[in-house]
Amino acid sequence: MRIVCPFCGERELGEFTYLGDAKSARPAAGASEDEVFDYVYMRDNVAGPMSEYWYHGGGCRAWLKVARNTLTHEISSVEPAAGVGAKQAAR
Amino acid sequence: MKYSIFSLARAAFSGHKNWQRAWRDATPKSHYDVVVIGGGGHGLATAWFLASEYGIRNVAVLEKGWIGSGNAGRNTTIIRSNYGLPGNTGFYELSMKLWERMEQDLNYNTMVSQRGVINLYHSDAQRDAYARRGNTMRINGIDAELLDLAAVRKMMPFLNFDNARFPVQGGLLQRRGGTARHDAVVWGYAHAASALGVDIIQNCEVTGFVRDGSGKVTGVETSRGRIGAAKVGMAVAGSSSRVAAMAGMRLPIESHVLQAFVSEAIKPLIPNVMTFGAGHFYVSQSDKGGLVFGGDIDGYNSYAQRGNLPVMEDVCEGGMALMPMIGRIRLLRQWGGIMDMSMDGSPIIDKTPVDGLYLNAGWCYGGFKATPGSGLVFAHLLARDEPHKEAARFRLDRFRRGAMIDEKGQGAQPNLH
Ligand SMILES: Cc1cc2nc3c(=O)[nH]c(=O)nc-3n(C[C@H](O)[C@H](O)[C@H](O)COP(=O)(O)OP(=O)(O)OC[C@H]3O[C@@H](n4cnc5c(N)ncnc54)[C@H](O)[C@@H]3O)c2cc1C
Ligand SMILES: [Zn+2]
């Protein structure tokens, strides 16, 4: 597996750290216990195309959103995660 | 067929042409008292304990491929009971005691080898942590010895004791730990369960659950047709979330890949199972002479049963730090298996919110050693509808209750357990 970082180009996997599913969103401060429990502990554990967060610690140190198939490891897209980096990349 | 010195001699003198099948490759009946999904070690052990211990013999084990084609046939075969937290300590020792009598119980040579497991320590802080773990084990009646440098040097003179960055200072030894032959464990349980009437059905993938008006599970849909069941137990390891989804459930589990490696055969070198404490590397030597070793999981969600190069590099670096001379040996084979990583690194053995459906999952990278214990406590749950006393903490709702069993203290980030 190699990841094509939008800032650094194609790099080997060892430069990146994995966080996990990018779908789950942190519940708002006043959310119910059930919503928080769901966010922290439950997973879709997708078999197939999945959107996920990776960190390019061995390169530009940006957070990336990667679309990857968990059955084949095939990567279909890599984009900057929402935030300052994403705005700069769009410029 | 019963194995003994006489059956071995008879077979030898007739040119090994008259061995009978070790177990029956059954075709599905229309209904069973219990259907167990998954023909790995845990599923087969569960079926054997149901039949032998709880008198429930109308049982089927459904396996989508061939038995042992999952993690049961892919692991590095280490068995031990050196856990530190209540819940794990008692359960893994129960399992260790069952390993010690397994060959007699099953009438099968599973090559259980109590050659000892030693965890090396490389700093004062790590020595203190291992001393504490050893004490926890001894308080619970489990054997543990803290070895100093001289004792480790005597036992394993071939280690690199001149490593300035990660000096070997000593190790925590469990002499009763060791290895067992993984394929033989699968076949041993299949052999003994089949003899008691359990149907082992291969190439039979569960594709859905049959449910009655109240939502209770009354059977399974499979690639070999519908099979009715009073109770259904899931023991599908890395596929747990996929099978649970067929019953509309989400689980506190992520599936991750773990790799294993085997070198070319060399003369006897490593007398035990040994782990490097300053990185993640564990190794034993097989009877054929190959070094069998592994390290961390790759760290990303995967169902692909194969890993990537960074982990291979990391594992080999760990090995080289301990034994620089293995750099001369060639790597022979390497493969991956899919781990059911739970949110606290400990297993889940419980009823599910779906009536008639029972769950055995969350074994992470350490479920081989659990095989006999898991079979016993899961059979207990299926037969009695209440948890076995050594599995009473492995509940599905423990995450909601905040009753985590987190040996590593990593929190709900499964790739760090
Ligand atoms: C590389 C590696 C090294 C390991 N090393 C160790 C070790 O040294 N010590 C240790 O204690 N543990 C180790 N483990 C972990 C251990 O192997 C597992 O935790 C354990 O084998 C899981 O239980 P099992 O044997 O029942 O799983 P499996 O053998 O994976 O059984 C599950 C079965 O379910 C079947 N299945 C899945 N979906 C379906 C379906 N829909 N219908 C029918 N059948 C289905 C699968 O085909 C599979 O055969 C290791 C694992 C790996 C991959
Ligand atoms: Zn980058």
# chains A, B, ... in the order shown; residues from 1 in each chain; ligands from 1
>>> residues_around(residues="range 262-273 of chain B", least_positions_apart="2", cutoff="8 Å", atoms="only C-alpha atoms", output="PyMOL selection string")
chain B and resi 78+115-118+156+178-179+260+275+282-285+288-293+329-334
>>> residues_around(residues="range 3-13 of chain A", least_positions_apart="4", cutoff="8 Å", atoms="only C-alpha atoms", output="list in words")
His56, Gly59, Cys60, Leu64, Ile75, Val78, Glu79, Pro80 and Ala89 of chain A; Pro310 of chain B
>>> write_last_selection(atoms="N, CA and C atoms", output="PDB file, in the first residue's frame")
ATOM      1  N   HIS A  56      -0.123  12.080   8.064  1.00  0.00           N
ATOM      2  CA  HIS A  56       1.164  11.965   7.377  1.00  0.00           C
ATOM      3  C   HIS A  56       2.306  12.463   8.272  1.00  0.00           C
ATOM      4  N   GLY A  59       5.836  13.058   6.860  1.00  0.00           N
ATOM      5  CA  GLY A  59       5.908  13.987   5.735  1.00  0.00           C
ATOM      6  C   GLY A  59       5.418  15.354   6.168  1.00  0.00           C
ATOM      7  N   CYS A  60       4.309  15.796   5.568  1.00  0.00           N
ATOM      8  CA  CYS A  60       3.822  17.153   5.805  1.00  0.00           C
ATOM      9  C   CYS A  60       3.057  17.309   7.110  1.00  0.00           C
ATOM     10  N   LEU A  64      -5.255  13.416   6.560  1.00  0.00           N
ATOM     11  CA  LEU A  64      -5.810  13.143   5.237  1.00  0.00           C
ATOM     12  C   LEU A  64      -7.060  12.294   5.353  1.00  0.00           C
ATOM     13  N   ILE A  75      -6.861   2.008  -2.924  1.00  0.00           N
ATOM     14  CA  ILE A  75      -7.171   3.384  -2.536  1.00  0.00           C
ATOM     15  C   ILE A  75      -7.731   4.130  -3.746  1.00  0.00           C
ATOM     16  N   VAL A  78      -7.578  10.428  -2.182  1.00  0.00           N
ATOM     17  CA  VAL A  78      -6.941  10.986  -0.987  1.00  0.00           C
ATOM     18  C   VAL A  78      -7.142  12.486  -1.036  1.00  0.00           C
ATOM     19  N   GLU A  79      -7.695  13.041   0.038  1.00  0.00           N
ATOM     20  CA  GLU A  79      -7.857  14.492   0.058  1.00  0.00           C
ATOM     21  C   GLU A  79      -7.511  15.023   1.444  1.00  0.00           C
ATOM     22  N   PRO A  80      -7.185  16.300   1.542  1.00  0.00           N
ATOM     23  CA  PRO A  80      -6.879  16.847   2.860  1.00  0.00           C
ATOM     24  C   PRO A  80      -8.125  16.780   3.739  1.00  0.00           C
ATOM     25  N   ALA A  89      -4.920  23.817   0.386  1.00  0.00           N
ATOM     26  CA  ALA A  89      -4.799  22.964  -0.798  1.00  0.00           C
ATOM     27  C   ALA A  89      -5.746  23.427  -1.888  1.00  0.00           C
TER      28      ALA A  89
ATOM     29  N   PRO B 310       5.755  -2.234   5.889  1.00  0.00           N
ATOM     30  CA  PRO B 310       6.297  -1.543   7.070  1.00  0.00           C
ATOM     31  C   PRO B 310       6.309  -2.414   8.333  1.00  0.00           C
TER      32      PRO B 310
END
>>> residues_around(residues="range 36-53 of chain A", least_positions_apart="5", cutoff="6 Å", atoms="only C-alpha atoms", output="mmCIF file with all heavy atoms, in the first residue's frame")
data_model
loop_
_atom_site.group_PDB
_atom_site.id
_atom_site.type_symbol
_atom_site.label_atom_id
_atom_site.label_comp_id
_atom_site.auth_asym_id
_atom_site.auth_seq_id
_atom_site.Cartn_x
_atom_site.Cartn_y
_atom_site.Cartn_z
ATOM 1 N N LEU A 19 -5.993 6.511 11.942
ATOM 2 C CA LEU A 19 -6.918 6.794 13.044
ATOM 3 C C LEU A 19 -8.160 5.913 12.954
ATOM 4 O O LEU A 19 -8.528 5.263 13.913
ATOM 5 C CB LEU A 19 -7.324 8.264 13.066
ATOM 6 C CG LEU A 19 -8.282 8.609 14.211
ATOM 7 C CD1 LEU A 19 -7.596 8.448 15.558
ATOM 8 C CD2 LEU A 19 -8.835 10.016 14.074
ATOM 9 N N GLY A 20 -8.802 5.886 11.766
ATOM 10 C CA GLY A 20 -9.988 5.037 11.635
ATOM 11 C C GLY A 20 -11.081 5.691 10.815
ATOM 12 O O GLY A 20 -10.847 6.670 10.094
ATOM 13 N N ASP A 21 -12.270 5.135 10.960
ATOM 14 C CA ASP A 21 -13.450 5.533 10.204
ATOM 15 C C ASP A 21 -13.684 7.048 10.277
ATOM 16 O O ASP A 21 -13.764 7.605 11.370
ATOM 17 C CB ASP A 21 -14.664 4.782 10.788
ATOM 18 C CG ASP A 21 -15.859 4.807 9.841
ATOM 19 O OD1 ASP A 21 -15.880 5.663 8.933
ATOM 20 O OD2 ASP A 21 -16.754 3.968 10.026
ATOM 21 N N ALA A 22 -13.775 7.679 9.107
ATOM 22 C CA ALA A 22 -13.995 9.128 9.085
ATOM 23 C C ALA A 22 -15.481 9.476 9.108
ATOM 24 O O ALA A 22 -15.850 10.640 9.119
ATOM 25 C CB ALA A 22 -13.342 9.741 7.845
ATOM 26 N N LEU A 64 -5.255 13.416 6.560
ATOM 27 C CA LEU A 64 -5.810 13.143 5.237
ATOM 28 C C LEU A 64 -7.060 12.294 5.353
ATOM 29 O O LEU A 64 -7.206 11.510 6.294
ATOM 30 C CB LEU A 64 -4.778 12.394 4.377
ATOM 31 C CG LEU A 64 -3.420 13.069 4.236
ATOM 32 C CD1 LEU A 64 -2.449 12.131 3.523
ATOM 33 C CD2 LEU A 64 -3.529 14.391 3.504
ATOM 34 N N LYS A 65 -7.947 12.464 4.372
ATOM 35 C CA LYS A 65 -9.136 11.627 4.292
ATOM 36 C C LYS A 65 -8.945 10.709 3.087
ATOM 37 O O LYS A 65 -8.810 11.181 1.966
ATOM 38 C CB LYS A 65 -10.361 12.521 4.105
ATOM 39 C CG LYS A 65 -11.628 11.903 4.597
ATOM 40 C CD LYS A 65 -12.706 12.982 4.607
ATOM 41 C CE LYS A 65 -14.047 12.370 4.905
ATOM 42 N NZ LYS A 65 -15.084 13.400 4.958
ATOM 43 N N VAL A 66 -8.892 9.424 3.373
ATOM 44 C CA VAL A 66 -8.553 8.452 2.335
ATOM 45 C C VAL A 66 -9.752 7.538 2.085
ATOM 46 O O VAL A 66 -10.347 7.029 3.039
ATOM 47 C CB VAL A 66 -7.337 7.595 2.784
ATOM 48 C CG1 VAL A 66 -7.007 6.513 1.762
ATOM 49 C CG2 VAL A 66 -6.117 8.486 3.026
ATOM 50 N N ALA A 67 -10.112 7.335 0.814
ATOM 51 C CA ALA A 67 -11.144 6.357 0.482
ATOM 52 C C ALA A 67 -10.442 5.069 0.077
ATOM 53 O O ALA A 67 -9.675 5.035 -0.886
ATOM 54 C CB ALA A 67 -12.029 6.872 -0.646
ATOM 55 N N ARG A 68 -10.660 3.989 0.871
ATOM 56 C CA ARG A 68 -9.905 2.751 0.685
ATOM 57 C C ARG A 68 -10.858 1.576 0.826
ATOM 58 O O ARG A 68 -11.790 1.613 1.616
ATOM 59 C CB ARG A 68 -8.818 2.673 1.768
ATOM 60 C CG ARG A 68 -7.765 1.599 1.557
ATOM 61 C CD ARG A 68 -6.768 1.654 2.716
ATOM 62 N NE ARG A 68 -7.455 1.428 3.986
ATOM 63 C CZ ARG A 68 -7.480 0.248 4.622
ATOM 64 N NH1 ARG A 68 -6.822 -0.766 4.154
ATOM 65 N NH2 ARG A 68 -8.151 0.126 5.751
ATOM 66 N N ASN A 69 -10.624 0.535 0.052
ATOM 67 C CA ASN A 69 -11.465 -0.654 0.145
ATOM 68 C C ASN A 69 -10.826 -1.638 1.135
ATOM 69 O O ASN A 69 -9.702 -2.094 0.917
ATOM 70 C CB ASN A 69 -11.603 -1.288 -1.247
ATOM 71 C CG ASN A 69 -12.655 -2.379 -1.263
ATOM 72 O OD1 ASN A 69 -12.759 -3.167 -0.334
ATOM 73 N ND2 ASN A 69 -13.435 -2.416 -2.335
ATOM 74 N N THR A 70 -11.556 -1.962 2.202
ATOM 75 C CA THR A 70 -10.967 -2.816 3.245
ATOM 76 C C THR A 70 -10.866 -4.283 2.810
ATOM 77 O O THR A 70 -10.211 -5.074 3.473
ATOM 78 C CB THR A 70 -11.781 -2.753 4.552
ATOM 79 O OG1 THR A 70 -13.107 -3.203 4.278
ATOM 80 C CG2 THR A 70 -11.826 -1.349 5.126
ATOM 81 N N LEU A 71 -11.521 -4.640 1.705
ATOM 82 C CA LEU A 71 -11.425 -6.020 1.213
ATOM 83 C C LEU A 71 -10.203 -6.209 0.319
ATOM 84 O O LEU A 71 -9.677 -7.313 0.192
ATOM 85 C CB LEU A 71 -12.685 -6.395 0.424
ATOM 86 C CG LEU A 71 -13.983 -6.489 1.240
ATOM 87 C CD1 LEU A 71 -15.197 -6.512 0.311
ATOM 88 C CD2 LEU A 71 -13.972 -7.715 2.126
ATOM 89 N N LEU B 251 -21.186 -3.963 16.450
ATOM 90 C CA LEU B 251 -20.389 -4.448 17.573
ATOM 91 C C LEU B 251 -19.262 -3.470 17.919
ATOM 92 O O LEU B 251 -18.821 -2.702 17.065
ATOM 93 C CB LEU B 251 -19.761 -5.809 17.225
ATOM 94 C CG LEU B 251 -20.716 -6.971 16.949
ATOM 95 C CD1 LEU B 251 -19.930 -8.220 16.544
ATOM 96 C CD2 LEU B 251 -21.596 -7.265 18.156
ATOM 97 N N PRO B 252 -18.774 -3.522 19.155
ATOM 98 C CA PRO B 252 -17.609 -2.706 19.537
ATOM 99 C C PRO B 252 -16.318 -3.379 19.073
ATOM 100 O O PRO B 252 -15.445 -3.716 19.875
ATOM 101 C CB PRO B 252 -17.708 -2.639 21.067
ATOM 102 C CG PRO B 252 -18.448 -3.871 21.459
ATOM 103 C CD PRO B 252 -19.347 -4.247 20.309
ATOM 104 N N GLU B 254 -13.326 -3.742 15.636
ATOM 105 C CA GLU B 254 -12.777 -3.424 14.311
ATOM 106 C C GLU B 254 -11.968 -4.624 13.833
ATOM 107 O O GLU B 254 -11.281 -5.255 14.634
ATOM 108 C CB GLU B 254 -11.838 -2.205 14.388
ATOM 109 C CG GLU B 254 -12.551 -0.882 14.547
ATOM 110 C CD GLU B 254 -11.570 0.295 14.606
ATOM 111 O OE1 GLU B 254 -10.370 0.105 14.306
ATOM 112 O OE2 GLU B 254 -12.026 1.396 14.963
#
>>> atom_distance(atom1="CA of Leu147 in chain B", atom2="CA of Gly170 in chain B")
5.3 Å
>>> residues_near_ligand(ligand="ligand 1", cutoff="6 Å", atoms="only C-alpha atoms and all ligand atoms", output="PyMOL selection string")
chain B and resi 37-43+62-65+67-72+74-79+204-207+235-237+239+243+258-260+336-338+363-369
>>> atom_distance(atom1="CA of Ile5 in chain B", atom2="CA of Gly375 in chain B")
28.2 Å
>>> closest_residue(among="A:Glu33, A:Ala82, A:Ala62, A:Thr17", to="ligand 2", atoms="only C-alpha atoms and all ligand atoms")
A:Ala62
>>> closest_residue(among="A:Glu74, A:Ala31, A:Gly14, A:Tyr55", to="chain B", atoms="only C-alpha atoms")
A:Gly14
>>> interface_residues(of="chain B", to="chain A", cutoff="12 Å", atoms="only C-alpha atoms", output="PyMOL selection string")
chain B and resi 238-245+248-257+297-314+338-344+396-402+404+411-416
>>> select_by_dssp(residues="range 128-333 of chain B", states="strand (DSSP E)", output="ChimeraX atom specification")
/B:145-148,170-174,178-179,199-201,206-211,217-222,225-234,253-265,273-276,281-285,290-301,331-333
>>> residues_around(residues="Arg132 in chain B", least_positions_apart="2", cutoff="12 Å", atoms="only C-alpha atoms", output="list in words")
Asn82, Tyr83, Gly84, Leu85, Ala125, Gln126, Arg127, Asp128, Ala129, Tyr130, Gly134, Asn135, Thr136, Met137, Arg138, Ile139, Ala144, Glu145, Leu146 and Leu172 of chain B
>>> write_last_selection(atoms="N, CA, C and O atoms", output="mmCIF file, in the first residue's frame")
data_model
loop_
_atom_site.group_PDB
_atom_site.id
_atom_site.type_symbol
_atom_site.label_atom_id
_atom_site.label_comp_id
_atom_site.auth_asym_id
_atom_site.auth_seq_id
_atom_site.Cartn_x
_atom_site.Cartn_y
_atom_site.Cartn_z
ATOM 1 N N ASN B 82 -0.426 -15.343 31.316
ATOM 2 C CA ASN B 82 0.261 -14.291 32.078
ATOM 3 C C ASN B 82 -0.463 -12.952 31.988
ATOM 4 O O ASN B 82 0.146 -11.929 31.730
ATOM 5 N N TYR B 83 -1.764 -12.984 32.225
ATOM 6 C CA TYR B 83 -2.556 -11.750 32.175
ATOM 7 C C TYR B 83 -2.640 -11.107 33.548
ATOM 8 O O TYR B 83 -2.484 -11.779 34.570
ATOM 9 N N GLY B 84 -2.932 -9.802 33.559
ATOM 10 C CA GLY B 84 -2.862 -9.062 34.815
ATOM 11 C C GLY B 84 -4.180 -8.601 35.408
ATOM 12 O O GLY B 84 -4.229 -8.237 36.579
ATOM 13 N N LEU B 85 -5.256 -8.601 34.638
ATOM 14 C CA LEU B 85 -6.486 -7.995 35.152
ATOM 15 C C LEU B 85 -7.538 -9.034 35.532
ATOM 16 O O LEU B 85 -7.646 -10.087 34.891
ATOM 17 N N ALA B 125 12.069 0.404 34.785
ATOM 18 C CA ALA B 125 10.615 0.575 34.854
ATOM 19 C C ALA B 125 9.909 -0.674 34.339
ATOM 20 O O ALA B 125 8.913 -1.128 34.906
ATOM 21 N N GLN B 126 10.456 -1.248 33.266
ATOM 22 C CA GLN B 126 9.828 -2.450 32.709
ATOM 23 C C GLN B 126 9.989 -3.637 33.666
ATOM 24 O O GLN B 126 9.086 -4.445 33.816
ATOM 25 N N ARG B 127 11.154 -3.703 34.340
ATOM 26 C CA ARG B 127 11.337 -4.767 35.334
ATOM 27 C C ARG B 127 10.271 -4.652 36.423
ATOM 28 O O ARG B 127 9.659 -5.637 36.835
ATOM 29 N N ASP B 128 10.014 -3.427 36.883
ATOM 30 C CA ASP B 128 9.017 -3.237 37.942
ATOM 31 C C ASP B 128 7.628 -3.662 37.464
ATOM 32 O O ASP B 128 6.873 -4.301 38.192
ATOM 33 N N ALA B 129 7.310 -3.296 36.210
ATOM 34 C CA ALA B 129 6.000 -3.666 35.662
ATOM 35 C C ALA B 129 5.887 -5.187 35.562
ATOM 36 O O ALA B 129 4.830 -5.761 35.867
ATOM 37 N N TYR B 130 6.950 -5.856 35.151
ATOM 38 C CA TYR B 130 6.909 -7.317 35.026
ATOM 39 C C TYR B 130 6.867 -7.988 36.400
ATOM 40 O O TYR B 130 6.221 -9.022 36.580
ATOM 41 N N GLY B 134 4.046 -10.540 37.464
ATOM 42 C CA GLY B 134 4.389 -11.851 38.015
ATOM 43 C C GLY B 134 3.733 -12.065 39.370
ATOM 44 O O GLY B 134 3.206 -13.144 39.659
ATOM 45 N N ASN B 135 3.741 -11.023 40.195
ATOM 46 C CA ASN B 135 3.109 -11.144 41.516
ATOM 47 C C ASN B 135 1.610 -11.358 41.383
ATOM 48 O O ASN B 135 1.021 -12.161 42.111
ATOM 49 N N THR B 136 0.997 -10.627 40.445
ATOM 50 C CA THR B 136 -0.439 -10.805 40.214
ATOM 51 C C THR B 136 -0.729 -12.250 39.839
ATOM 52 O O THR B 136 -1.680 -12.862 40.336
ATOM 53 N N MET B 137 0.107 -12.788 38.978
ATOM 54 C CA MET B 137 -0.094 -14.177 38.549
ATOM 55 C C MET B 137 0.034 -15.120 39.743
ATOM 56 O O MET B 137 -0.806 -15.993 39.958
ATOM 57 N N ARG B 138 1.079 -14.935 40.556
ATOM 58 C CA ARG B 138 1.323 -15.859 41.675
ATOM 59 C C ARG B 138 0.222 -15.771 42.725
ATOM 60 O O ARG B 138 -0.174 -16.796 43.288
ATOM 61 N N ILE B 139 -0.279 -14.565 42.965
ATOM 62 C CA ILE B 139 -1.391 -14.414 43.907
ATOM 63 C C ILE B 139 -2.586 -15.237 43.435
ATOM 64 O O ILE B 139 -3.356 -15.772 44.225
ATOM 65 N N ALA B 144 4.984 -18.022 37.856
ATOM 66 C CA ALA B 144 5.732 -16.914 37.258
ATOM 67 C C ALA B 144 7.052 -16.776 37.990
ATOM 68 O O ALA B 144 7.100 -16.943 39.209
ATOM 69 N N GLU B 145 8.119 -16.505 37.235
ATOM 70 C CA GLU B 145 9.437 -16.290 37.854
ATOM 71 C C GLU B 145 10.083 -15.083 37.211
ATOM 72 O O GLU B 145 10.127 -14.982 35.991
ATOM 73 N N LEU B 146 10.599 -14.193 38.045
ATOM 74 C CA LEU B 146 11.334 -13.047 37.526
ATOM 75 C C LEU B 146 12.815 -13.419 37.458
ATOM 76 O O LEU B 146 13.420 -13.718 38.477
ATOM 77 N N LEU B 172 10.540 -12.049 32.555
ATOM 78 C CA LEU B 172 9.480 -12.705 33.332
ATOM 79 C C LEU B 172 9.161 -14.018 32.624
ATOM 80 O O LEU B 172 8.791 -14.028 31.450
#
>>> select_by_dssp(residues="range 58-283 of chain B", states="alpha helix (DSSP H)", output="JSON, numbers by chain")
{"B": [88, 89, 90, 91, 92, 93, 94, 95, 96, 97, 98, 99, 100, 101, 102, 103, 104, 105, 106, 124, 125, 126, 127, 128, 129, 130, 131, 132, 133, 134, 135, 136, 137, 138, 139, 149, 150, 151, 152, 153, 154, 155, 182, 183, 184, 185, 186, 187, 188, 189, 190, 191, 192, 193, 194, 195, 240, 241, 242, 243, 244, 245]}
>>> residues_around(residues="Met96 in chain B", least_positions_apart="5", cutoff="9 Å", atoms="only C-alpha atoms", output="list in words")
Ile79, Arg80, Ser81, Phe91, Arg176, Gly177, Lys369, Ala370, Pro372 and Gly373 of chain B
>>> write_last_selection(atoms="N, CA, C and O atoms", output="PDB file, in the first residue's frame")
ATOM      1  N   ILE B  79       0.848 -20.274  23.628  1.00  0.00           N
ATOM      2  CA  ILE B  79      -0.124 -20.404  24.713  1.00  0.00           C
ATOM      3  C   ILE B  79       0.526 -19.941  26.019  1.00  0.00           C
ATOM      4  O   ILE B  79       1.706 -20.182  26.259  1.00  0.00           O
ATOM      5  N   ARG B  80      -0.237 -19.244  26.845  1.00  0.00           N
ATOM      6  CA  ARG B  80       0.288 -18.678  28.102  1.00  0.00           C
ATOM      7  C   ARG B  80      -0.896 -18.216  28.935  1.00  0.00           C
ATOM      8  O   ARG B  80      -2.016 -18.095  28.425  1.00  0.00           O
ATOM      9  N   SER B  81      -0.656 -17.942  30.221  1.00  0.00           N
ATOM     10  CA  SER B  81      -1.735 -17.359  31.040  1.00  0.00           C
ATOM     11  C   SER B  81      -1.143 -16.278  31.931  1.00  0.00           C
ATOM     12  O   SER B  81      -1.344 -16.269  33.132  1.00  0.00           O
ATOM     13  N   PHE B  91      -9.645 -16.549  33.580  1.00  0.00           N
ATOM     14  CA  PHE B  91     -10.078 -17.214  32.347  1.00  0.00           C
ATOM     15  C   PHE B  91      -8.903 -17.881  31.626  1.00  0.00           C
ATOM     16  O   PHE B  91      -8.983 -19.033  31.194  1.00  0.00           O
ATOM     17  N   ARG B 176       5.061 -22.844  32.394  1.00  0.00           N
ATOM     18  CA  ARG B 176       3.973 -23.676  31.864  1.00  0.00           C
ATOM     19  C   ARG B 176       3.482 -23.176  30.504  1.00  0.00           C
ATOM     20  O   ARG B 176       2.712 -23.857  29.832  1.00  0.00           O
ATOM     21  N   GLY B 177       3.885 -21.980  30.105  1.00  0.00           N
ATOM     22  CA  GLY B 177       3.500 -21.490  28.785  1.00  0.00           C
ATOM     23  C   GLY B 177       4.279 -22.225  27.703  1.00  0.00           C
ATOM     24  O   GLY B 177       5.178 -23.000  27.995  1.00  0.00           O
ATOM     25  N   LYS B 369      -4.520 -19.232  22.399  1.00  0.00           N
ATOM     26  CA  LYS B 369      -4.337 -19.762  23.756  1.00  0.00           C
ATOM     27  C   LYS B 369      -5.674 -19.934  24.472  1.00  0.00           C
ATOM     28  O   LYS B 369      -5.784 -20.719  25.403  1.00  0.00           O
ATOM     29  N   ALA B 370      -6.676 -19.169  24.029  1.00  0.00           N
ATOM     30  CA  ALA B 370      -7.983 -19.210  24.676  1.00  0.00           C
ATOM     31  C   ALA B 370      -8.843 -20.357  24.173  1.00  0.00           C
ATOM     32  O   ALA B 370      -9.916 -20.608  24.737  1.00  0.00           O
ATOM     33  N   PRO B 372      -9.361 -23.741  24.230  1.00  0.00           N
ATOM     34  CA  PRO B 372     -10.144 -24.659  25.069  1.00  0.00           C
ATOM     35  C   PRO B 372     -11.036 -23.931  26.080  1.00  0.00           C
ATOM     36  O   PRO B 372     -12.194 -24.320  26.273  1.00  0.00           O
ATOM     37  N   GLY B 373     -10.508 -22.872  26.693  1.00  0.00           N
ATOM     38  CA  GLY B 373     -11.291 -22.124  27.677  1.00  0.00           C
ATOM     39  C   GLY B 373     -12.524 -21.507  27.041  1.00  0.00           C
ATOM     40  O   GLY B 373     -13.634 -21.564  27.584  1.00  0.00           O
TER      41      GLY B 373
END
>>> closest_residue(among="B:Asn163, B:Asn360, B:Ser123, B:Thr222", to="Phe209 in chain B", atoms="only C-alpha atoms")
B:Thr222
